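What follows is the content of target_8.tsv, which has TSV, C-alpha atoms and all ligand atoms:
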```
chain	number	residue	atom	x	y	z
A	260	MET	CA	-11.06	-60.82	-125.72
A	261	ASP	CA	-9.14	-58.14	-127.62
A	262	PRO	CA	-5.53	-59.40	-128.10
A	263	GLN	CA	-4.20	-55.96	-126.97
A	264	PRO	CA	-7.04	-54.63	-124.74
A	265	LEU	CA	-4.94	-51.77	-123.33
A	266	LYS	CA	-3.44	-50.52	-126.60
A	267	GLY	CA	-3.30	-46.70	-126.62
A	268	LYS	CA	-3.69	-46.46	-122.82
A	269	ASN	CA	-1.16	-44.84	-120.48
A	270	ALA	CA	-0.88	-46.52	-117.09
A	271	ILE	CA	0.85	-45.54	-113.86
A	272	VAL	CA	1.66	-48.32	-111.40
A	273	THR	CA	3.08	-47.14	-108.05
A	274	GLY	CA	5.53	-49.26	-106.07
A	275	ALA	CA	6.20	-51.39	-109.14
A	276	ALA	CA	9.97	-51.80	-108.83
A	277	ARG	CA	9.27	-55.28	-107.42
A	278	GLY	CA	6.60	-57.62	-106.06
A	279	ILE	CA	2.93	-57.36	-107.05
A	280	GLY	CA	3.43	-53.95	-108.69
A	281	ARG	CA	6.11	-55.33	-110.94
A	282	ALA	CA	3.82	-58.17	-112.05
A	283	ILE	CA	1.02	-55.63	-112.71
A	284	ALA	CA	3.33	-53.36	-114.75
A	285	GLN	CA	4.54	-56.36	-116.74
A	286	ARG	CA	1.00	-57.58	-117.45
A	287	LEU	CA	-0.39	-54.16	-118.42
A	288	ALA	CA	2.57	-53.61	-120.78
A	289	ALA	CA	2.02	-57.08	-122.29
A	290	GLU	CA	-1.62	-56.12	-122.94
A	291	GLY	CA	-0.58	-53.02	-124.90
A	292	ALA	CA	-0.41	-50.18	-122.34
A	293	GLN	CA	2.42	-47.69	-122.08
A	294	VAL	CA	3.44	-48.10	-118.44
A	295	ALA	CA	5.13	-45.75	-115.98
A	296	ILE	CA	6.58	-47.30	-112.83
A	297	LEU	CA	6.69	-44.87	-109.89
A	298	ASP	CA	8.70	-46.07	-106.92
A	299	ILE	CA	10.63	-44.60	-103.99
A	300	ASP	CA	13.40	-46.96	-105.14
A	301	ALA	CA	14.50	-44.97	-108.20
A	302	ASP	CA	17.15	-47.47	-109.36
A	303	GLY	CA	14.71	-50.36	-108.95
A	304	ALA	CA	12.02	-48.50	-110.93
A	305	GLN	CA	14.42	-47.87	-113.81
A	306	ARG	CA	15.83	-51.40	-113.73
A	307	THR	CA	12.36	-52.99	-113.79
A	308	ALA	CA	11.23	-50.63	-116.56
A	309	ALA	CA	14.26	-51.64	-118.65
A	310	GLU	CA	13.56	-55.34	-118.00
A	311	ILE	CA	9.92	-54.99	-119.09
A	312	GLY	CA	11.08	-53.01	-122.11
A	313	GLY	CA	8.99	-51.39	-124.83
A	314	SER	CA	7.89	-47.90	-123.84
A	315	THR	CA	7.94	-48.63	-120.08
A	316	ILE	CA	9.51	-45.86	-118.00
A	317	GLY	CA	10.68	-45.84	-114.39
A	318	LEU	CA	10.55	-42.71	-112.23
A	319	ALA	CA	11.36	-41.85	-108.62
A	320	ALA	CA	8.38	-40.85	-106.49
A	321	ASP	CA	7.39	-40.98	-102.84
A	322	VAL	CA	3.62	-41.52	-102.83
A	323	ALA	CA	3.38	-40.03	-99.33
A	324	GLN	CA	4.67	-36.62	-100.52
A	325	ALA	CA	2.30	-34.45	-102.57
A	326	ALA	CA	5.08	-32.51	-104.33
A	327	SER	CA	6.85	-35.72	-105.34
A	328	VAL	CA	3.60	-37.25	-106.65
A	329	ASP	CA	2.64	-34.14	-108.64
A	330	ARG	CA	6.14	-33.91	-110.17
A	331	ALA	CA	6.11	-37.57	-111.22
A	332	PHE	CA	2.57	-37.42	-112.71
A	333	ALA	CA	3.50	-34.32	-114.72
A	334	GLN	CA	6.60	-36.13	-116.01
A	335	VAL	CA	4.50	-39.16	-117.00
A	336	ALA	CA	1.91	-37.00	-118.79
A	337	ASP	CA	4.74	-35.23	-120.59
A	338	GLN	CA	6.60	-38.39	-121.63
A	339	LEU	CA	3.65	-40.74	-122.33
A	340	GLY	CA	1.01	-38.18	-123.35
A	341	GLY	CA	-1.57	-38.58	-120.54
A	342	VAL	CA	-2.86	-40.77	-117.71
A	343	ASP	CA	-5.68	-43.27	-118.39
A	344	ILE	CA	-5.03	-45.93	-115.73
A	345	LEU	CA	-3.73	-45.63	-112.16
A	346	VAL	CA	-2.88	-48.62	-110.01
A	347	ASN	CA	-2.23	-47.57	-106.39
A	348	ASN	CA	0.04	-50.41	-105.37
A	349	ALA	CA	2.85	-48.86	-103.26
A	350	GLY	CA	2.57	-50.02	-99.68
A	351	ILE	CA	4.44	-51.15	-96.58
A	352	VAL	CA	3.43	-53.61	-93.89
A	353	GLY	CA	4.93	-51.84	-90.85
A	354	THR	CA	6.10	-53.49	-87.65
A	355	ASP	CA	4.61	-56.56	-85.96
A	356	THR	CA	3.46	-54.76	-82.81
A	357	PRO	CA	0.38	-54.82	-80.56
A	358	VAL	CA	-1.48	-51.52	-80.22
A	359	LYS	CA	-0.40	-51.11	-76.58
A	360	ASP	CA	3.26	-50.86	-77.67
A	361	LEU	CA	2.82	-49.13	-81.04
A	362	ALA	CA	4.92	-46.00	-81.65
A	363	GLU	CA	3.18	-42.95	-83.11
A	364	ASP	CA	5.78	-42.78	-85.90
A	365	ASP	CA	5.06	-46.36	-86.94
A	366	TRP	CA	1.35	-45.58	-87.16
A	367	ASP	CA	1.97	-42.40	-89.20
A	368	ARG	CA	4.44	-44.01	-91.62
A	369	VAL	CA	2.11	-46.85	-92.63
A	370	LEU	CA	-0.95	-44.59	-92.90
A	371	ASP	CA	1.02	-41.98	-94.88
A	372	ILE	CA	2.22	-44.42	-97.52
A	373	ASN	CA	-0.72	-46.83	-97.77
A	374	LEU	CA	-3.68	-44.49	-97.34
A	375	LYS	CA	-2.52	-40.90	-97.88
A	376	GLY	CA	-0.44	-42.14	-100.83
A	377	THR	CA	-3.58	-43.64	-102.40
A	378	PHE	CA	-5.41	-40.34	-101.91
A	379	LEU	CA	-2.56	-38.19	-103.30
A	380	CYS	CA	-2.00	-40.35	-106.38
A	381	SER	CA	-5.74	-40.63	-107.09
A	382	GLN	CA	-6.12	-36.85	-106.80
A	383	ALA	CA	-3.16	-36.34	-109.15
A	384	ALA	CA	-4.67	-38.82	-111.64
A	385	LEU	CA	-8.05	-37.05	-111.55
A	386	ARG	CA	-6.37	-33.87	-112.83
A	387	TYR	CA	-5.79	-35.77	-116.08
A	388	MET	CA	-8.85	-38.05	-116.07
A	389	LEU	CA	-11.56	-35.47	-115.32
A	390	PRO	CA	-10.83	-33.20	-118.33
A	391	GLN	CA	-10.84	-36.22	-120.66
A	392	GLN	CA	-13.93	-37.69	-118.87
A	393	SER	CA	-12.39	-41.15	-118.76
A	394	GLY	CA	-10.06	-43.21	-116.64
A	395	VAL	CA	-9.74	-46.17	-114.32
A	396	ILE	CA	-8.26	-46.33	-110.82
A	397	CYS	CA	-7.57	-49.59	-109.02
A	398	SER	CA	-5.94	-49.78	-105.58
A	399	LEU	CA	-4.35	-52.52	-103.51
A	400	ALA	CA	-6.32	-53.07	-100.32
A	401	SER	CA	-5.90	-56.31	-98.37
A	402	ILE	CA	-7.88	-59.00	-96.57
A	403	SER	CA	-6.42	-57.30	-93.44
A	404	GLY	CA	-8.60	-54.31	-94.26
A	405	LYS	CA	-11.73	-56.47	-94.07
A	406	GLU	CA	-10.87	-58.66	-91.09
A	407	GLY	CA	-8.20	-56.79	-89.09
A	408	ASN	CA	-5.05	-58.74	-88.24
A	409	ALA	CA	-3.72	-58.66	-84.66
A	410	ASN	CA	-0.41	-56.76	-84.26
A	411	MET	CA	-0.96	-55.10	-87.64
A	412	ALA	CA	-3.28	-52.23	-86.67
A	413	PRO	CA	-1.78	-49.49	-88.90
A	414	TYR	CA	-1.67	-51.83	-91.89
A	415	SER	CA	-5.18	-53.22	-91.35
A	416	VAL	CA	-6.64	-49.75	-90.76
A	417	SER	CA	-4.87	-48.29	-93.79
A	418	LYS	CA	-6.30	-51.03	-96.01
A	419	ALA	CA	-9.82	-50.62	-94.56
A	420	GLY	CA	-9.33	-46.96	-95.45
A	421	VAL	CA	-8.37	-47.87	-99.02
A	422	ILE	CA	-11.61	-49.89	-99.35
A	423	CYS	CA	-13.73	-46.98	-98.07
A	424	PHE	CA	-11.79	-44.42	-100.14
A	425	THR	CA	-12.52	-46.57	-103.21
A	426	LYS	CA	-16.26	-46.62	-102.52
A	427	THR	CA	-16.33	-42.88	-101.78
A	428	LEU	CA	-14.33	-41.76	-104.81
A	429	ALA	CA	-16.25	-44.10	-107.13
A	430	LYS	CA	-19.49	-42.33	-106.13
A	431	GLU	CA	-17.93	-38.89	-106.71
A	432	VAL	CA	-16.84	-39.67	-110.28
A	433	LEU	CA	-19.72	-41.91	-111.41
A	434	ASP	CA	-20.85	-39.40	-114.02
A	435	CYS	CA	-17.35	-38.56	-115.24
A	436	GLY	CA	-16.50	-41.75	-117.13
A	437	ILE	CA	-14.12	-42.82	-114.35
A	438	ARG	CA	-14.32	-46.17	-112.54
A	439	VAL	CA	-12.67	-46.84	-109.18
A	440	ASN	CA	-12.17	-50.29	-107.65
A	441	CYS	CA	-9.78	-52.10	-105.34
A	442	VAL	CA	-8.59	-55.65	-104.72
A	443	ALA	CA	-8.12	-57.42	-101.39
A	444	PRO	CA	-5.41	-60.09	-101.61
A	445	ALA	CA	-4.53	-62.50	-98.83
A	446	LEU	CA	-0.83	-63.38	-98.46
A	447	ILE	CA	1.03	-63.10	-101.77
A	448	ASP	CA	4.57	-64.37	-102.29
A	449	THR	CA	6.63	-61.14	-102.61
A	450	PRO	CA	9.58	-59.46	-100.85
A	451	ILE	CA	7.11	-57.78	-98.44
A	452	LEU	CA	7.06	-61.11	-96.56
A	453	GLN	CA	10.74	-60.64	-95.69
A	454	GLY	CA	9.67	-57.80	-93.39
A	455	MET	CA	7.33	-60.14	-91.47
A	456	ASP	CA	8.14	-62.72	-88.76
A	457	GLN	CA	8.09	-66.28	-90.13
A	458	ASP	CA	5.53	-67.24	-87.45
A	459	ARG	CA	3.18	-64.57	-88.80
A	460	VAL	CA	3.70	-65.70	-92.41
A	461	ASP	CA	2.91	-69.31	-91.38
A	462	PHE	CA	-0.14	-68.21	-89.36
A	463	LEU	CA	-1.56	-66.11	-92.22
A	464	THR	CA	-0.84	-68.80	-94.83
A	465	ALA	CA	-2.71	-71.36	-92.70
A	466	LYS	CA	-5.80	-69.12	-92.87
A	467	ILE	CA	-5.99	-69.45	-96.68
A	468	PRO	CA	-8.45	-72.25	-97.65
A	469	LEU	CA	-6.58	-72.92	-100.93
A	470	GLY	CA	-3.62	-73.80	-98.70
A	471	ARG	CA	-0.89	-71.79	-100.38
A	472	LEU	CA	0.45	-68.27	-100.89
A	473	GLY	CA	-0.93	-66.34	-103.85
A	474	ARG	CA	1.29	-65.37	-106.77
A	475	PRO	CA	1.82	-61.76	-107.90
A	476	GLU	CA	0.67	-62.78	-111.41
A	477	GLU	CA	-2.69	-63.90	-109.98
A	478	VAL	CA	-3.26	-60.43	-108.51
A	479	ALA	CA	-2.11	-58.81	-111.77
A	480	ALA	CA	-4.68	-60.82	-113.74
A	481	THR	CA	-7.52	-59.51	-111.55
A	482	ILE	CA	-6.19	-55.96	-111.89
A	483	LEU	CA	-6.08	-56.35	-115.68
A	484	PHE	CA	-9.77	-57.27	-115.65
A	485	LEU	CA	-10.59	-54.22	-113.52
A	486	VAL	CA	-8.66	-51.66	-115.60
A	487	SER	CA	-9.84	-53.04	-118.95
A	488	ASP	CA	-13.16	-52.66	-120.76
A	489	GLU	CA	-14.05	-56.20	-119.60
A	490	SER	CA	-15.36	-54.66	-116.35
A	491	THR	CA	-17.25	-51.55	-117.52
A	492	PHE	CA	-20.20	-52.21	-115.15
A	493	ALA	CA	-18.01	-52.58	-112.05
A	494	THR	CA	-17.16	-49.59	-109.85
A	495	GLY	CA	-16.85	-48.84	-106.14
A	496	GLN	CA	-16.08	-52.48	-105.38
A	497	CYS	CA	-13.49	-54.48	-103.52
A	498	PHE	CA	-12.56	-57.68	-105.37
A	499	ASP	CA	-11.31	-60.70	-103.48
A	500	VAL	CA	-7.98	-62.37	-104.34
A	501	SER	CA	-7.62	-64.32	-101.13
A	502	GLY	CA	-7.64	-68.02	-102.02
A	503	GLY	CA	-11.06	-68.33	-100.41
A	504	ARG	CA	-10.19	-66.59	-97.12
A	505	ALA	CA	-12.66	-63.71	-97.50
A	506	THR	CA	-16.16	-64.38	-96.25
A	507	TYR	CA	-17.61	-61.17	-97.71
B	1	LIG	N1	2.28	-59.42	-100.47
B	1	LIG	C1	1.15	-59.56	-99.81
B	1	LIG	O1	0.94	-60.56	-99.12
B	1	LIG	C2	0.07	-58.53	-99.92
B	1	LIG	C3	-1.23	-58.87	-99.49
B	1	LIG	C4	-2.24	-57.93	-99.56
B	1	LIG	C5	-1.97	-56.66	-100.07
B	1	LIG	N2	-0.71	-56.36	-100.48
B	1	LIG	C6	-0.47	-55.01	-100.96
B	1	LIG	O2	0.06	-55.06	-102.28
B	1	LIG	C7	0.93	-53.95	-102.49
B	1	LIG	C8	2.27	-54.46	-103.00
B	1	LIG	O3	2.81	-55.36	-102.04
B	1	LIG	P1	4.10	-56.23	-102.30
B	1	LIG	O4	3.93	-57.47	-101.53
B	1	LIG	O5	4.40	-56.31	-103.76
B	1	LIG	O6	5.20	-55.33	-101.56
B	1	LIG	P2	6.78	-55.16	-101.86
B	1	LIG	O7	7.38	-54.74	-100.54
B	1	LIG	O8	7.34	-56.34	-102.53
B	1	LIG	O9	6.81	-53.93	-102.87
B	1	LIG	C9	6.36	-52.67	-102.48
B	1	LIG	C10	6.96	-51.62	-103.40
B	1	LIG	O10	6.48	-50.34	-102.96
B	1	LIG	C11	7.57	-49.42	-102.96
B	1	LIG	N3	7.33	-48.34	-102.01
B	1	LIG	C12	7.37	-48.40	-100.64
B	1	LIG	N4	7.13	-47.18	-100.12
B	1	LIG	C13	6.93	-46.35	-101.17
B	1	LIG	C14	6.65	-44.94	-101.26
B	1	LIG	N5	6.55	-44.18	-100.16
B	1	LIG	N6	6.49	-44.41	-102.49
B	1	LIG	C15	6.62	-45.18	-103.61
B	1	LIG	N7	6.90	-46.48	-103.57
B	1	LIG	C16	7.05	-47.06	-102.36
B	1	LIG	C17	8.78	-50.27	-102.58
B	1	LIG	O11	10.00	-49.65	-102.96
B	1	LIG	C18	8.50	-51.56	-103.35
B	1	LIG	O12	9.01	-51.52	-104.67
B	1	LIG	C19	1.00	-53.23	-101.15
B	1	LIG	O13	0.09	-52.14	-101.13
B	1	LIG	C20	0.59	-54.28	-100.15
B	1	LIG	O14	0.06	-53.75	-98.97
B	1	LIG	C21	0.30	-57.25	-100.41
```

Go through the file and emit its structure as structure tokens.
Amino acid sequence: MDPQPLKGKNAIVTGAARGIGRAIAQRLAAEGAQVAILDIDADGAQRTAAEIGGSTIGLAADVAQAASVDRAFAQVADQLGGVDILVNNAGIVGTDTPVKDLAEDDWDRVLDINLKGTFLCSQAALRYMLPQQSGVICSLASISGKEGNANMAPYSVSKAGVICFTKTLAKEVLDCGIRVNCVAPALIDTPILQGMDQDRVDFLTAKIPLGRLGRPEEVAATILFLVSDESTFATGQCFDVSGGRATY
């Protein structure tokens, strides 16, 4: 494999101030990409960018707001010189609530960030990728989007939406030199778990045949494969990173 497979590429990773996104940003930068971290946590984005170093930049952006996304992508294109790779990673888990008690606002918030955010950022990226007839988009879905987890309807539905959005967009841009894929992790050890009840974390960990939580670096390694030229015949797919939990 090329020692710097992403040299000369400009990558945007959303929600990369911490967690899986941070590990992805770190790995893409290590493989030669110029990386822009977009996060609603502006201080965190800048801090993480400084820690990764090199040409990494950190910018404030709310992926659920079109104006904020467009502003941030324009800034990235201006500062880095273009957009070749987009990783739609920003996401929230929402509350642990059965559908019968779910508030409309809770539904909207999770769908806005996880699914609409993926759409808005992908659309913004296409404005740069289509004219150059090249680019790669990879989004974070979840095993929840394949199986549905009780008391996590907005999250599970948003991630099922990310999987279907991936397949749809991949078909639209097949002839444009742009590949679109997503990954479906099971439970990964990040700060997102702090927003979940411990009983739920234990229950979901017990469902993983490998018997442990995944590590952010393990997801980042799969993403690297999907955004690099090592996967040029793969598009419109959802790749499993679930420790054996996924059955399809
Ligand atoms: N950790 C897991 O177990 C797991 C499993 C499957 C999928 N995922 C998915 O992986 C992605 C990353 O998860 P994580 O565990 O690293 O989460 P995390 O909570 O550790 O990090 C999420 C990041 O997204 C940012 N963010 C939240 N709302 C945003 C918005 N509106 N605009 C921009 N940034 C925003 C946060 O500030 C944070 O930096 C998410 O899409 C999540 O659904 C996580």

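Once region 293-310 of chain A and its same-chain neighbours fewer than 5 positions away are set aside, Asn269, Ala270, Ile271, Val272, Thr273, Gly274, Ala275, Ala276, Thr315, Ile316, Gly317, Leu318, Ala319, Ala320 and Asp321 of chain A remain within 6 Å of it when counting only C-alpha atoms.
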
Would you place a box with edges along x, y and z of the file around all atoms of ligand LIG 1 (chain B) listed there, add 8 Å to each of its six sides, and report the centre and edge lengths in Å to one decimal, as AutoDock Vina command-line options?
```
--center_x 3.9 --center_y -52.4 --center_z -101.8 --size_x 28.2 --size_y 32.4 --size_z 21.7
```

Return as an mmCIF file with C-alpha atoms, in the frame of the given file the residues of protein, DNA or RNA that approach ligand LIG 1 (chain B) to within 7 Å, with all atoms listed in the file taken into account.
```cif
data_model
loop_
_atom_site.group_PDB
_atom_site.id
_atom_site.type_symbol
_atom_site.label_atom_id
_atom_site.label_comp_id
_atom_site.auth_asym_id
_atom_site.auth_seq_id
_atom_site.Cartn_x
_atom_site.Cartn_y
_atom_site.Cartn_z
ATOM 1 C CA THR A 273 3.080 -47.140 -108.050
ATOM 2 C CA GLY A 274 5.530 -49.260 -106.070
ATOM 3 C CA ALA A 275 6.200 -51.390 -109.140
ATOM 4 C CA ALA A 276 9.970 -51.800 -108.830
ATOM 5 C CA ARG A 277 9.270 -55.280 -107.420
ATOM 6 C CA GLY A 278 6.600 -57.620 -106.060
ATOM 7 C CA ILE A 279 2.930 -57.360 -107.050
ATOM 8 C CA GLY A 280 3.430 -53.950 -108.690
ATOM 9 C CA LEU A 297 6.690 -44.870 -109.890
ATOM 10 C CA ASP A 298 8.700 -46.070 -106.920
ATOM 11 C CA ILE A 299 10.630 -44.600 -103.990
ATOM 12 C CA ASP A 300 13.400 -46.960 -105.140
ATOM 13 C CA ALA A 320 8.380 -40.850 -106.490
ATOM 14 C CA ASP A 321 7.390 -40.980 -102.840
ATOM 15 C CA VAL A 322 3.620 -41.520 -102.830
ATOM 16 C CA ALA A 323 3.380 -40.030 -99.330
ATOM 17 C CA ASN A 348 0.040 -50.410 -105.370
ATOM 18 C CA ALA A 349 2.850 -48.860 -103.260
ATOM 19 C CA GLY A 350 2.570 -50.020 -99.680
ATOM 20 C CA ILE A 351 4.440 -51.150 -96.580
ATOM 21 C CA VAL A 352 3.430 -53.610 -93.890
ATOM 22 C CA ILE A 372 2.220 -44.420 -97.520
ATOM 23 C CA ASN A 373 -0.720 -46.830 -97.770
ATOM 24 C CA LEU A 399 -4.350 -52.520 -103.510
ATOM 25 C CA ALA A 400 -6.320 -53.070 -100.320
ATOM 26 C CA SER A 401 -5.900 -56.310 -98.370
ATOM 27 C CA ILE A 402 -7.880 -59.000 -96.570
ATOM 28 C CA ALA A 443 -8.120 -57.420 -101.390
ATOM 29 C CA PRO A 444 -5.410 -60.090 -101.610
ATOM 30 C CA ALA A 445 -4.530 -62.500 -98.830
ATOM 31 C CA LEU A 446 -0.830 -63.380 -98.460
ATOM 32 C CA ILE A 447 1.030 -63.100 -101.770
ATOM 33 C CA ASP A 448 4.570 -64.370 -102.290
ATOM 34 C CA THR A 449 6.630 -61.140 -102.610
ATOM 35 C CA PRO A 450 9.580 -59.460 -100.850
ATOM 36 C CA ILE A 451 7.110 -57.780 -98.440
ATOM 37 C CA LEU A 452 7.060 -61.110 -96.560
#
```

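Omitting Cys497 (chain A) and its sequence neighbours fewer than 2 positions away, and counting only C-alpha atoms, the residues within 7 Å are Ile422, Asn440, Cys441, Val442, Ala443 and Asp499 of chain A.
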
Next item on the list: Considering all atoms listed in the file, return as a PyMOL selection string whatever protein or nucleic-acid residues lie within 9 Å of Pro357 (chain A), sequence-local ones (same chain, fewer than 3 positions apart) excluded.
Entry: chain A and resi 360-361+409-412

Could you write those residues out with C-alpha atoms, as a short mmCIF file (atom, residue, chain, number, x, y, z; two decimals), keeping the file's coordinate frame?
```
data_model
loop_
_atom_site.label_atom_id
_atom_site.label_comp_id
_atom_site.auth_asym_id
_atom_site.auth_seq_id
_atom_site.Cartn_x
_atom_site.Cartn_y
_atom_site.Cartn_z
CA ASP A 360 3.26 -50.86 -77.67
CA LEU A 361 2.82 -49.13 -81.04
CA ALA A 409 -3.72 -58.66 -84.66
CA ASN A 410 -0.41 -56.76 -84.26
CA MET A 411 -0.96 -55.10 -87.64
CA ALA A 412 -3.28 -52.23 -86.67
#
```

Next item on the list: Using only C-alpha atoms, give me every residue within 10 Å of (-4.3, -48.2, -88.3) in file coordinates, as a ChimeraX atom specification.
Entry: /A:358,365-367,369-370,374,404,407,411-420

Checklist line | Residue nearest Ala336 (chain A) among A:Gln382, A:Tyr387, A:Ser501, A:Gln324 (counting all atoms listed in the file) | finding: A:Tyr387

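Closest approach to Arg386 (chain A) from the set A:Met455, A:Asp343, A:Arg286, A:Leu265 is made by A:Asp343, with distances taken over all atoms listed in the file.
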
Pick out the residues sitting within 10 Å of Leu463 (chain A), and hand them over as a PDB file with C-alpha atoms, in the frame of the given file; count all atoms listed in the file, and ignore anything fewer than 2 positions along from it in its own chain.
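Saved file selection_32.pdb follows:
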```pdb
ATOM      1  CA  ASN A 408      -5.050 -58.740 -88.240  1.00  0.00           C
ATOM      2  CA  ALA A 445      -4.530 -62.500 -98.830  1.00  0.00           C
ATOM      3  CA  LEU A 446      -0.830 -63.380 -98.460  1.00  0.00           C
ATOM      4  CA  GLN A 457       8.090 -66.280 -90.130  1.00  0.00           C
ATOM      5  CA  ASP A 458       5.530 -67.240 -87.450  1.00  0.00           C
ATOM      6  CA  ARG A 459       3.180 -64.570 -88.800  1.00  0.00           C
ATOM      7  CA  VAL A 460       3.700 -65.700 -92.410  1.00  0.00           C
ATOM      8  CA  ASP A 461       2.910 -69.310 -91.380  1.00  0.00           C
ATOM      9  CA  ALA A 465      -2.710 -71.360 -92.700  1.00  0.00           C
ATOM     10  CA  LYS A 466      -5.800 -69.120 -92.870  1.00  0.00           C
ATOM     11  CA  ILE A 467      -5.990 -69.450 -96.680  1.00  0.00           C
ATOM     12  CA  ARG A 471      -0.890 -71.790-100.380  1.00  0.00           C
ATOM     13  CA  LEU A 472       0.450 -68.270-100.890  1.00  0.00           C
ATOM     14  CA  ARG A 504     -10.190 -66.590 -97.120  1.00  0.00           C
TER      15      ARG A 504
END
```
